[in-house]
There are 2 protein chains.
Amino acid sequence: MIQGVQSIAFDQAPYLEKGASVVGKKEGEGPLGDLFDLVEPQDLFGEDTWEAAEGAMQKEACKLVLKKAGLKPQEVRYLFGGDLLRQGTATSQGVEDFQIPMFGLYGACSTSGEALALAAMSVAAGYGCHMLAVTSSHFGSAEKEFRFPLGYASQRPLSAHWTVTGSGAFLVGTRKCHVKITGVTVGKIVDYGLKDSQNMGACMAPAACDTILRNLQDFGRRPEDYNRIITGDLGYIGQSILFDLAREKGCDIREMHMDCGMTIFDQNLQDTHSGGSGCGCAAVTLAAYILPKLESGEWKRILFVPTGALLSTVIYNEGATVPGIAHAIVLEHED
Amino acid sequence: MIQGVQSIAFDQAPYLEKGASVVGKKEGEGPLGDLFDLVEPQDLFGEDTWEAAEGAMQKEACKLVLKKAGLKPQEVRYLFGGDLLRQGTATSQGVEDFQIPMFGLYGACSTSGEALALAAMSVAAGYGCHMLAVTSSHFGSAEKEFRFPLGYASQRPLSAHWTVTGSGAFLVGTRKCHVKITGVTVGKIVDYGLKDSQNMGACMAPAACDTILRNLQDFGRRPEDYNRIITGDLGYIGQSILFDLAREKGCDIREMHMDCGMTIFDQNLQDTHSGGSGCGCAAVTLAAYILPKLESGEWKRILFVPTGALLSTVIYNEGATVPGIAHAIVLEHED
């Protein structure tokens, strides 16, 4: 069951039973627009504040995934959830009504990987038949939390990301379907000493590289054993750094690499600079774009690697570095 | 293994191998002062900021517990950690150097329960022989994060808590010792609609009651089956509400109840109003005061119930309620 230094290979692999995605207007206008379960034209989602809007989005994603699976909240044993806001309030506000026993998580934009890992570990251990993993991010709440309120109309450097307004929810369980979670690689904090919160791709690329190479080593695989190696939100700059770092270690992943942040927006038409980011970015791309390809068998095995930058405005202003973390989930098609 | 509605009873109960506690000056002057592993007279712990001080404290607690157990960081499979700060930066700064694959958590002051639960679940599932669970809080960083910077010298109402400056670290594993974790009850969010962030005892008491009663029901136990039922930081006001709520449900826990927030400070001599609080409060009290009593067999079985108030200043200022959450850990003596 223990696999190598940081990984777990599940003897009884749990299934990724269902996924659901809820996004905002801009995401709906992007290349994946038609694939999302729900595109809400009003980014406030009927609420008064960005924070409440993000909570409402999580709630909607959970409702949708439960409906798809035909499950009631009380049939879900535990919930693993998180977001980018201080004290994870989008999650606590969003999931409160379901009354599912819950574990609050924080792994920045890697949280969807963290939640899926813990949900899979709990199902595989026999702690319950269905677990819910949910994460979200919102452009309005994230800009307020990490940069400047939208009303300031601050100019963004080209290295900056555009936080995805979106929430992805997933049911992990024992009910047979076409996608299973066969393994996880839990990430370490990797710190190259970077301090630029407007260039998070560079801050996260070393962690992505570390976790991907560790996964390959722990499982004795080569990059081509995966149809795709999919990072969360490295963006254009982070991707090029990841390629360089991996090549330095003798590993070429250019052919099978995909980044959710580069996939969700059209860089030229949507003015999103380095690409999409946020806890919601990897989650909604997984639910809307990646899962169907695994379900159909177009992809047989992929490595899903959400990446996070561990910063806060407080320690950023105090001069701290921005380290990264990435968790990897091995997803496989089953006939 | 699944026990009742929200609980797990471990077939192979993992051991709580070692605990370590690091605290500040005021905690050192309190009733438990002599029991802590390290009392640092300078609350900045040699750093320049409160945030870095809290990180340094976590690092010290981890170092101490590893030393007690004679383990190197690379012998620890996974780390589960959290704190109260936005984006959990005390933890990411504190544990980075150990390079242990990690899961970042947020459960407000219930995080020590959340971390111990996940560590125990992971050991019992065979995902590794040793897991590290660490949490912290710091009076200076918490006042800045949730209320006002210390320099403002704001007056505190009598219902307010005093955030404990402290970090507790625990090794959970398969190595036989005198304390084992036989079960956990994962808490739900409980919201009675309270909005007073200066009366967190009242906000958290309903969650504590819910989790304690659920634990008793799930395990088919009566309160007297525990030598102590120990909440994290309800304080004097929260305790009296907990007693009332439990009595309404036909359950009297007055005789065996203890609260870490009421134990760590001397209310009269130390001017701490409703009592101590914070992720560090329950953790250091467990390490310094509770564990030795379980090790010696003075207590045979206790229920450890850290309690958290899920607020942030942002949603507080937007008028949101302050719901609570509590996770329960069953700790038993083994000869």
# chains A, B, ... in the order shown; residues from 1 in each chain; ligands from 1
>>> residues_around(residues="Glu75 in chain A", least_positions_apart="2", cutoff="10 Å", atoms="only C-alpha atoms", output="PyMOL selection string")
(chain A and resi 66+70-73+77-78+100+128-131) or (chain B and resi 5)
>>> write_last_selection(atoms="N, CA, C and O atoms", output="mmCIF file, in the first residue's frame")
data_model
loop_
_atom_site.group_PDB
_atom_site.id
_atom_site.type_symbol
_atom_site.label_atom_id
_atom_site.label_comp_id
_atom_site.auth_asym_id
_atom_site.auth_seq_id
_atom_site.Cartn_x
_atom_site.Cartn_y
_atom_site.Cartn_z
ATOM 1 N N LEU A 66 -24.167 15.629 -5.956
ATOM 2 C CA LEU A 66 -25.035 14.704 -5.216
ATOM 3 C C LEU A 66 -26.198 14.257 -6.102
ATOM 4 O O LEU A 66 -26.570 13.086 -6.117
ATOM 5 N N GLY A 70 -27.244 10.631 -7.384
ATOM 6 C CA GLY A 70 -28.460 10.151 -6.736
ATOM 7 C C GLY A 70 -28.278 9.883 -5.258
ATOM 8 O O GLY A 70 -28.858 8.961 -4.693
ATOM 9 N N LEU A 71 -27.439 10.701 -4.616
ATOM 10 C CA LEU A 71 -27.165 10.520 -3.183
ATOM 11 C C LEU A 71 -27.728 11.690 -2.382
ATOM 12 O O LEU A 71 -27.766 12.823 -2.855
ATOM 13 N N LYS A 72 -28.147 11.385 -1.149
ATOM 14 C CA LYS A 72 -28.522 12.439 -0.211
ATOM 15 C C LYS A 72 -27.284 12.817 0.611
ATOM 16 O O LYS A 72 -26.395 11.992 0.796
ATOM 17 N N PRO A 73 -27.245 14.056 1.139
ATOM 18 C CA PRO A 73 -26.068 14.448 1.928
ATOM 19 C C PRO A 73 -25.763 13.465 3.064
ATOM 20 O O PRO A 73 -24.606 13.172 3.339
ATOM 21 N N ARG A 77 -20.235 10.176 3.897
ATOM 22 C CA ARG A 77 -19.658 9.973 5.228
ATOM 23 C C ARG A 77 -18.891 11.211 5.712
ATOM 24 O O ARG A 77 -19.128 11.701 6.792
ATOM 25 N N TYR A 78 -17.929 11.663 4.917
ATOM 26 C CA TYR A 78 -17.143 12.833 5.311
ATOM 27 C C TYR A 78 -16.938 13.752 4.108
ATOM 28 O O TYR A 78 -16.901 13.292 2.965
ATOM 29 N N ILE A 100 -22.752 17.520 6.666
ATOM 30 C CA ILE A 100 -21.861 16.363 6.521
ATOM 31 C C ILE A 100 -20.647 16.603 7.423
ATOM 32 O O ILE A 100 -20.078 17.694 7.386
ATOM 33 N N GLY A 128 -15.777 4.727 4.953
ATOM 34 C CA GLY A 128 -17.083 5.141 4.445
ATOM 35 C C GLY A 128 -17.190 4.816 2.972
ATOM 36 O O GLY A 128 -16.175 4.599 2.295
ATOM 37 N N CYS A 129 -18.418 4.773 2.458
ATOM 38 C CA CYS A 129 -18.643 4.391 1.056
ATOM 39 C C CYS A 129 -18.578 5.584 0.112
ATOM 40 O O CYS A 129 -18.306 5.419 -1.076
ATOM 41 N N HIS A 130 -18.900 6.764 0.619
ATOM 42 C CA HIS A 130 -18.875 7.954 -0.242
ATOM 43 C C HIS A 130 -18.270 9.123 0.528
ATOM 44 O O HIS A 130 -18.673 9.396 1.661
ATOM 45 N N MET A 131 -17.311 9.786 -0.085
ATOM 46 C CA MET A 131 -16.708 11.002 0.478
ATOM 47 C C MET A 131 -16.882 12.115 -0.558
ATOM 48 O O MET A 131 -16.847 11.856 -1.771
ATOM 49 N N VAL B 5 -22.864 7.036 13.205
ATOM 50 C CA VAL B 5 -23.137 7.967 12.109
ATOM 51 C C VAL B 5 -21.907 8.786 11.701
ATOM 52 O O VAL B 5 -21.680 9.061 10.528
#
>>> residues_around(residues="Val134 in chain B", least_positions_apart="4", cutoff="12 Å", atoms="only C-alpha atoms", output="VMD selection string")
chain B and resid 18 to 22 54 to 55 57 to 66 78 to 83 90 to 92 94 to 95 102 to 106 110 to 119 166 to 172 279 to 280 282 to 284 286 to 287
>>> residues_around(residues="range 180-195 of chain B", least_positions_apart="6", cutoff="7 Å", atoms="only C-alpha atoms", output="MDAnalysis selection string")
(chainID A and resid 96 99:102) or (chainID B and resid 6:10 13:16 117 120 203 206:207 211 215 320:334)
>>> write_last_selection(atoms="N, CA and C atoms", output="compact mmCIF listing (two decimals), in the first residue's frame")
# COMPACT_ATOMS: atom_id res chain seq x y z
N GLU A 96 -22.17 24.25 4.97
CA GLU A 96 -22.86 24.15 6.27
C GLU A 96 -24.21 23.43 6.18
N GLN A 99 -24.70 19.50 6.39
CA GLN A 99 -24.52 18.81 7.67
C GLN A 99 -23.76 17.48 7.53
N ILE A 100 -22.75 17.52 6.67
CA ILE A 100 -21.86 16.36 6.52
C ILE A 100 -20.65 16.60 7.42
N PRO A 101 -20.25 15.62 8.24
CA PRO A 101 -19.04 15.79 9.04
C PRO A 101 -17.87 16.19 8.14
N MET A 102 -17.10 17.19 8.55
CA MET A 102 -16.15 17.74 7.58
C MET A 102 -14.74 18.00 8.10
N GLN B 6 -21.08 9.19 12.67
CA GLN B 6 -19.97 10.08 12.34
C GLN B 6 -18.61 9.56 12.81
N SER B 7 -18.57 8.37 13.37
CA SER B 7 -17.35 7.95 14.07
C SER B 7 -16.63 6.78 13.41
N ILE B 8 -15.39 6.61 13.83
CA ILE B 8 -14.57 5.47 13.43
C ILE B 8 -14.02 4.84 14.71
N ALA B 9 -14.14 3.52 14.83
CA ALA B 9 -13.47 2.78 15.91
C ALA B 9 -12.37 1.98 15.23
N PHE B 10 -11.13 2.21 15.64
CA PHE B 10 -10.02 1.57 14.94
C PHE B 10 -9.86 0.11 15.36
N ALA B 13 -5.80 0.01 16.83
CA ALA B 13 -5.69 1.40 17.30
C ALA B 13 -4.26 1.90 17.24
N PRO B 14 -4.04 3.04 16.58
CA PRO B 14 -2.69 3.61 16.57
C PRO B 14 -2.33 4.21 17.93
N TYR B 15 -1.07 4.36 18.17
CA TYR B 15 -0.60 4.91 19.44
C TYR B 15 -0.31 6.40 19.32
N LEU B 16 -0.59 7.12 20.40
CA LEU B 16 -0.13 8.49 20.47
C LEU B 16 1.24 8.40 21.14
N ALA B 117 -7.07 13.30 14.29
CA ALA B 117 -7.99 12.35 13.65
C ALA B 117 -7.40 11.84 12.34
N ALA B 120 -4.33 9.63 12.91
CA ALA B 120 -4.73 8.30 13.39
C ALA B 120 -5.37 7.48 12.28
N CYS B 203 -20.33 30.69 20.81
CA CYS B 203 -20.40 30.24 19.41
C CYS B 203 -20.02 28.76 19.27
N PRO B 206 -22.44 24.94 21.15
CA PRO B 206 -23.37 24.02 20.48
C PRO B 206 -22.66 22.93 19.69
N ALA B 207 -21.54 23.26 19.05
CA ALA B 207 -20.79 22.26 18.28
C ALA B 207 -20.17 21.23 19.22
N THR B 211 -21.02 17.20 19.06
CA THR B 211 -20.00 16.16 18.84
C THR B 211 -19.90 15.21 20.03
N ASN B 215 -20.71 11.31 19.84
CA ASN B 215 -19.71 10.32 20.23
C ASN B 215 -20.31 9.29 21.18
N ALA B 320 -21.88 38.05 8.80
CA ALA B 320 -22.10 36.60 8.84
C ALA B 320 -22.16 36.09 10.29
N THR B 321 -22.78 34.95 10.48
CA THR B 321 -22.80 34.31 11.79
C THR B 321 -21.45 33.63 12.04
N VAL B 322 -21.22 33.23 13.29
CA VAL B 322 -19.99 32.52 13.66
C VAL B 322 -20.37 31.09 14.06
N PRO B 323 -20.35 30.15 13.09
CA PRO B 323 -20.68 28.77 13.46
C PRO B 323 -19.49 28.09 14.13
N GLY B 324 -19.74 26.96 14.75
CA GLY B 324 -18.68 26.22 15.44
C GLY B 324 -18.51 24.83 14.84
N ILE B 325 -17.40 24.22 15.19
CA ILE B 325 -17.13 22.82 14.81
C ILE B 325 -16.28 22.20 15.90
N ALA B 326 -16.44 20.92 16.14
CA ALA B 326 -15.65 20.22 17.16
C ALA B 326 -15.40 18.80 16.71
N HIS B 327 -14.18 18.33 16.88
CA HIS B 327 -13.84 16.94 16.56
C HIS B 327 -13.44 16.24 17.85
N ALA B 328 -13.84 14.98 17.98
CA ALA B 328 -13.55 14.26 19.24
C ALA B 328 -12.60 13.09 19.00
N ILE B 329 -11.64 12.96 19.89
CA ILE B 329 -10.64 11.90 19.82
C ILE B 329 -10.76 11.08 21.10
N VAL B 330 -10.91 9.76 20.97
CA VAL B 330 -10.97 8.88 22.14
C VAL B 330 -9.56 8.39 22.44
N LEU B 331 -9.07 8.73 23.62
CA LEU B 331 -7.72 8.34 24.03
C LEU B 331 -7.83 7.36 25.20
N GLU B 332 -7.11 6.26 25.11
CA GLU B 332 -7.19 5.26 26.18
C GLU B 332 -5.80 4.84 26.66
N HIS B 333 -5.75 4.52 27.94
CA HIS B 333 -4.52 3.98 28.52
C HIS B 333 -4.40 2.50 28.17
N GLU B 334 -3.19 2.07 27.87
CA GLU B 334 -2.94 0.63 27.66
C GLU B 334 -1.78 0.24 28.56
>>> closest_residue(among="A:Ser136, A:Thr313, A:Ser296, A:Gln12", to="chain B", atoms="only C-alpha atoms")
A:Thr313
>>> select_by_dssp(residues="range 4-201 of chain A", states="helix (DSSP H, G or I)", output="PyMOL selection string")
chain A and resi 25-28+33-35+50-69+73-75+86-98+111-124+139-146+150-152+200-201
>>> residues_around(residues="Asp259 in chain B", least_positions_apart="6", cutoff="8 Å", atoms="only C-alpha atoms", output="JSON, numbers by chain")
{"B": [230, 231, 232, 233, 234, 235, 239]}
>>> residues_around(residues="Leu216 in chain B", least_positions_apart="5", cutoff="10 Å", atoms="only C-alpha atoms", output="list in words")
Gly4, Thr185, Thr211, Arg221, Arg222, Pro223, Asp225, Tyr226, Cys251 and Leu303 of chain B
>>> closest_residue(among="A:Trp299, A:Phe219, A:Tyr152, A:Phe146", to="chain B", atoms="only C-alpha atoms")
A:Phe146
>>> closest_residue(among="B:Arg214, B:His161, B:Lys26, B:Lys176", to="chain A", atoms="only C-alpha atoms")
B:Arg214
>>> atom_distance(atom1="CA of Ala133 in chain A", atom2="CA of Ile290 in chain A")
16.3 Å
>>> closest_residue(among="B:Gln87, B:Ser137, B:Gln74, B:Thr272", to="Arg156 in chain B", atoms="only C-alpha atoms")
B:Thr272
>>> select_by_dssp(residues="range 106-209 of chain A", states="strand (DSSP E or B)", output="PyMOL selection string")
chain A and resi 107+109+130-137+162-163+166-173+179-185+190
>>> write_last_selection(atoms="N, CA, C and O atoms", output="mmCIF file, in the first residue's frame")
data_model
loop_
_atom_site.group_PDB
_atom_site.id
_atom_site.type_symbol
_atom_site.label_atom_id
_atom_site.label_comp_id
_atom_site.auth_asym_id
_atom_site.auth_seq_id
_atom_site.Cartn_x
_atom_site.Cartn_y
_atom_site.Cartn_z
ATOM 1 N N GLY A 107 -4.469 24.228 1.213
ATOM 2 C CA GLY A 107 -3.257 23.924 0.447
ATOM 3 C C GLY A 107 -3.136 24.874 -0.725
ATOM 4 O O GLY A 107 -2.596 24.510 -1.760
ATOM 5 N N CYS A 109 -3.822 26.649 -4.062
ATOM 6 C CA CYS A 109 -4.481 26.088 -5.255
ATOM 7 C C CYS A 109 -4.244 24.597 -5.403
ATOM 8 O O CYS A 109 -4.755 23.974 -6.332
ATOM 9 N N HIS A 130 -18.900 6.764 0.619
ATOM 10 C CA HIS A 130 -18.875 7.954 -0.242
ATOM 11 C C HIS A 130 -18.270 9.123 0.528
ATOM 12 O O HIS A 130 -18.673 9.396 1.661
ATOM 13 N N MET A 131 -17.311 9.786 -0.085
ATOM 14 C CA MET A 131 -16.708 11.002 0.478
ATOM 15 C C MET A 131 -16.882 12.115 -0.558
ATOM 16 O O MET A 131 -16.847 11.856 -1.771
ATOM 17 N N LEU A 132 -17.010 13.333 -0.064
ATOM 18 C CA LEU A 132 -17.169 14.483 -0.949
ATOM 19 C C LEU A 132 -15.914 15.351 -0.855
ATOM 20 O O LEU A 132 -15.447 15.650 0.241
ATOM 21 N N ALA A 133 -15.367 15.719 -2.009
ATOM 22 C CA ALA A 133 -14.212 16.622 -2.056
ATOM 23 C C ALA A 133 -14.632 17.863 -2.826
ATOM 24 O O ALA A 133 -15.092 17.752 -3.963
ATOM 25 N N VAL A 134 -14.493 19.033 -2.224
ATOM 26 C CA VAL A 134 -14.952 20.250 -2.899
ATOM 27 C C VAL A 134 -13.968 21.397 -2.668
ATOM 28 O O VAL A 134 -13.416 21.551 -1.575
ATOM 29 N N THR A 135 -13.730 22.167 -3.723
ATOM 30 C CA THR A 135 -12.896 23.369 -3.593
ATOM 31 C C THR A 135 -13.469 24.462 -4.488
ATOM 32 O O THR A 135 -14.255 24.187 -5.386
ATOM 33 N N SER A 136 -13.038 25.685 -4.224
ATOM 34 C CA SER A 136 -13.529 26.809 -5.018
ATOM 35 C C SER A 136 -12.536 27.957 -5.003
ATOM 36 O O SER A 136 -11.661 28.040 -4.140
ATOM 37 N N SER A 137 -12.691 28.836 -5.982
ATOM 38 C CA SER A 137 -12.022 30.139 -5.940
ATOM 39 C C SER A 137 -12.933 31.115 -6.679
ATOM 40 O O SER A 137 -13.805 30.703 -7.436
ATOM 41 N N TRP A 162 -5.115 34.929 -13.707
ATOM 42 C CA TRP A 162 -6.491 35.379 -13.529
ATOM 43 C C TRP A 162 -7.200 34.295 -12.712
ATOM 44 O O TRP A 162 -7.364 33.166 -13.182
ATOM 45 N N THR A 163 -7.588 34.629 -11.468
ATOM 46 C CA THR A 163 -8.205 33.613 -10.613
ATOM 47 C C THR A 163 -9.531 33.154 -11.213
ATOM 48 O O THR A 163 -10.394 33.977 -11.540
ATOM 49 N N GLY A 166 -14.955 29.611 -9.896
ATOM 50 C CA GLY A 166 -15.482 28.276 -10.147
ATOM 51 C C GLY A 166 -15.366 27.374 -8.941
ATOM 52 O O GLY A 166 -14.529 27.592 -8.062
ATOM 53 N N SER A 167 -16.210 26.378 -8.893
ATOM 54 C CA SER A 167 -16.134 25.374 -7.833
ATOM 55 C C SER A 167 -16.355 23.998 -8.443
ATOM 56 O O SER A 167 -17.263 23.789 -9.244
ATOM 57 N N GLY A 168 -15.493 23.068 -8.047
ATOM 58 C CA GLY A 168 -15.624 21.677 -8.496
ATOM 59 C C GLY A 168 -15.863 20.779 -7.303
ATOM 60 O O GLY A 168 -15.198 20.909 -6.279
ATOM 61 N N ALA A 169 -16.839 19.881 -7.417
ATOM 62 C CA ALA A 169 -17.140 18.934 -6.334
ATOM 63 C C ALA A 169 -17.073 17.519 -6.887
ATOM 64 O O ALA A 169 -17.480 17.266 -8.028
ATOM 65 N N PHE A 170 -16.559 16.603 -6.077
ATOM 66 C CA PHE A 170 -16.337 15.221 -6.525
ATOM 67 C C PHE A 170 -16.788 14.227 -5.471
ATOM 68 O O PHE A 170 -16.534 14.433 -4.278
ATOM 69 N N LEU A 171 -17.429 13.162 -5.925
ATOM 70 C CA LEU A 171 -17.743 12.061 -5.020
ATOM 71 C C LEU A 171 -16.739 10.945 -5.262
ATOM 72 O O LEU A 171 -16.561 10.500 -6.403
ATOM 73 N N VAL A 172 -16.075 10.548 -4.196
ATOM 74 C CA VAL A 172 -15.125 9.444 -4.256
ATOM 75 C C VAL A 172 -15.729 8.312 -3.440
ATOM 76 O O VAL A 172 -16.172 8.539 -2.310
ATOM 77 N N GLY A 173 -15.779 7.113 -4.001
ATOM 78 C CA GLY A 173 -16.441 6.051 -3.249
ATOM 79 C C GLY A 173 -16.190 4.669 -3.787
ATOM 80 O O GLY A 173 -15.281 4.440 -4.598
ATOM 81 N N VAL A 179 -13.836 5.477 -13.759
ATOM 82 C CA VAL A 179 -12.620 6.188 -13.353
ATOM 83 C C VAL A 179 -12.256 5.822 -11.922
ATOM 84 O O VAL A 179 -13.084 5.940 -11.013
ATOM 85 N N LYS A 180 -11.046 5.375 -11.728
ATOM 86 C CA LYS A 180 -10.621 5.088 -10.358
ATOM 87 C C LYS A 180 -9.349 5.844 -9.992
ATOM 88 O O LYS A 180 -8.561 6.225 -10.868
ATOM 89 N N ILE A 181 -9.207 6.057 -8.686
ATOM 90 C CA ILE A 181 -8.014 6.720 -8.145
ATOM 91 C C ILE A 181 -7.093 5.615 -7.667
ATOM 92 O O ILE A 181 -7.344 4.983 -6.646
ATOM 93 N N THR A 182 -6.046 5.353 -8.427
ATOM 94 C CA THR A 182 -5.214 4.198 -8.088
ATOM 95 C C THR A 182 -4.052 4.553 -7.163
ATOM 96 O O THR A 182 -3.466 3.664 -6.553
ATOM 97 N N GLY A 183 -3.742 5.854 -7.062
ATOM 98 C CA GLY A 183 -2.637 6.215 -6.183
ATOM 99 C C GLY A 183 -2.570 7.708 -5.941
ATOM 100 O O GLY A 183 -3.228 8.490 -6.646
ATOM 101 N N VAL A 184 -1.805 8.080 -4.920
ATOM 102 C CA VAL A 184 -1.588 9.497 -4.641
ATOM 103 C C VAL A 184 -0.122 9.705 -4.255
ATOM 104 O O VAL A 184 0.525 8.799 -3.723
ATOM 105 N N THR A 185 0.385 10.892 -4.562
ATOM 106 C CA THR A 185 1.712 11.299 -4.084
ATOM 107 C C THR A 185 1.525 12.612 -3.325
ATOM 108 O O THR A 185 1.106 13.620 -3.906
ATOM 109 N N VAL A 190 8.142 23.214 -1.263
ATOM 110 C CA VAL A 190 9.374 23.453 -2.026
ATOM 111 C C VAL A 190 9.551 24.965 -2.170
ATOM 112 O O VAL A 190 8.662 25.666 -2.649
#
>>> closest_residue(among="B:Thr285, B:Thr165, B:Gln42, B:Ser312", to="Thr89 in chain A", atoms="only C-alpha atoms")
B:Ser312
>>> atom_distance(atom1="CA of Gly88 in chain A", atom2="CA of Gln270 in chain A")
28.7 Å
>>> atom_distance(atom1="CA of Glu47 in chain B", atom2="CA of Ala69 in chain B")
27.2 Å
>>> closest_residue(among="B:Met121, B:Met256, B:Ala288, B:Cys177", to="chain A", atoms="only C-alpha atoms")
B:Met121
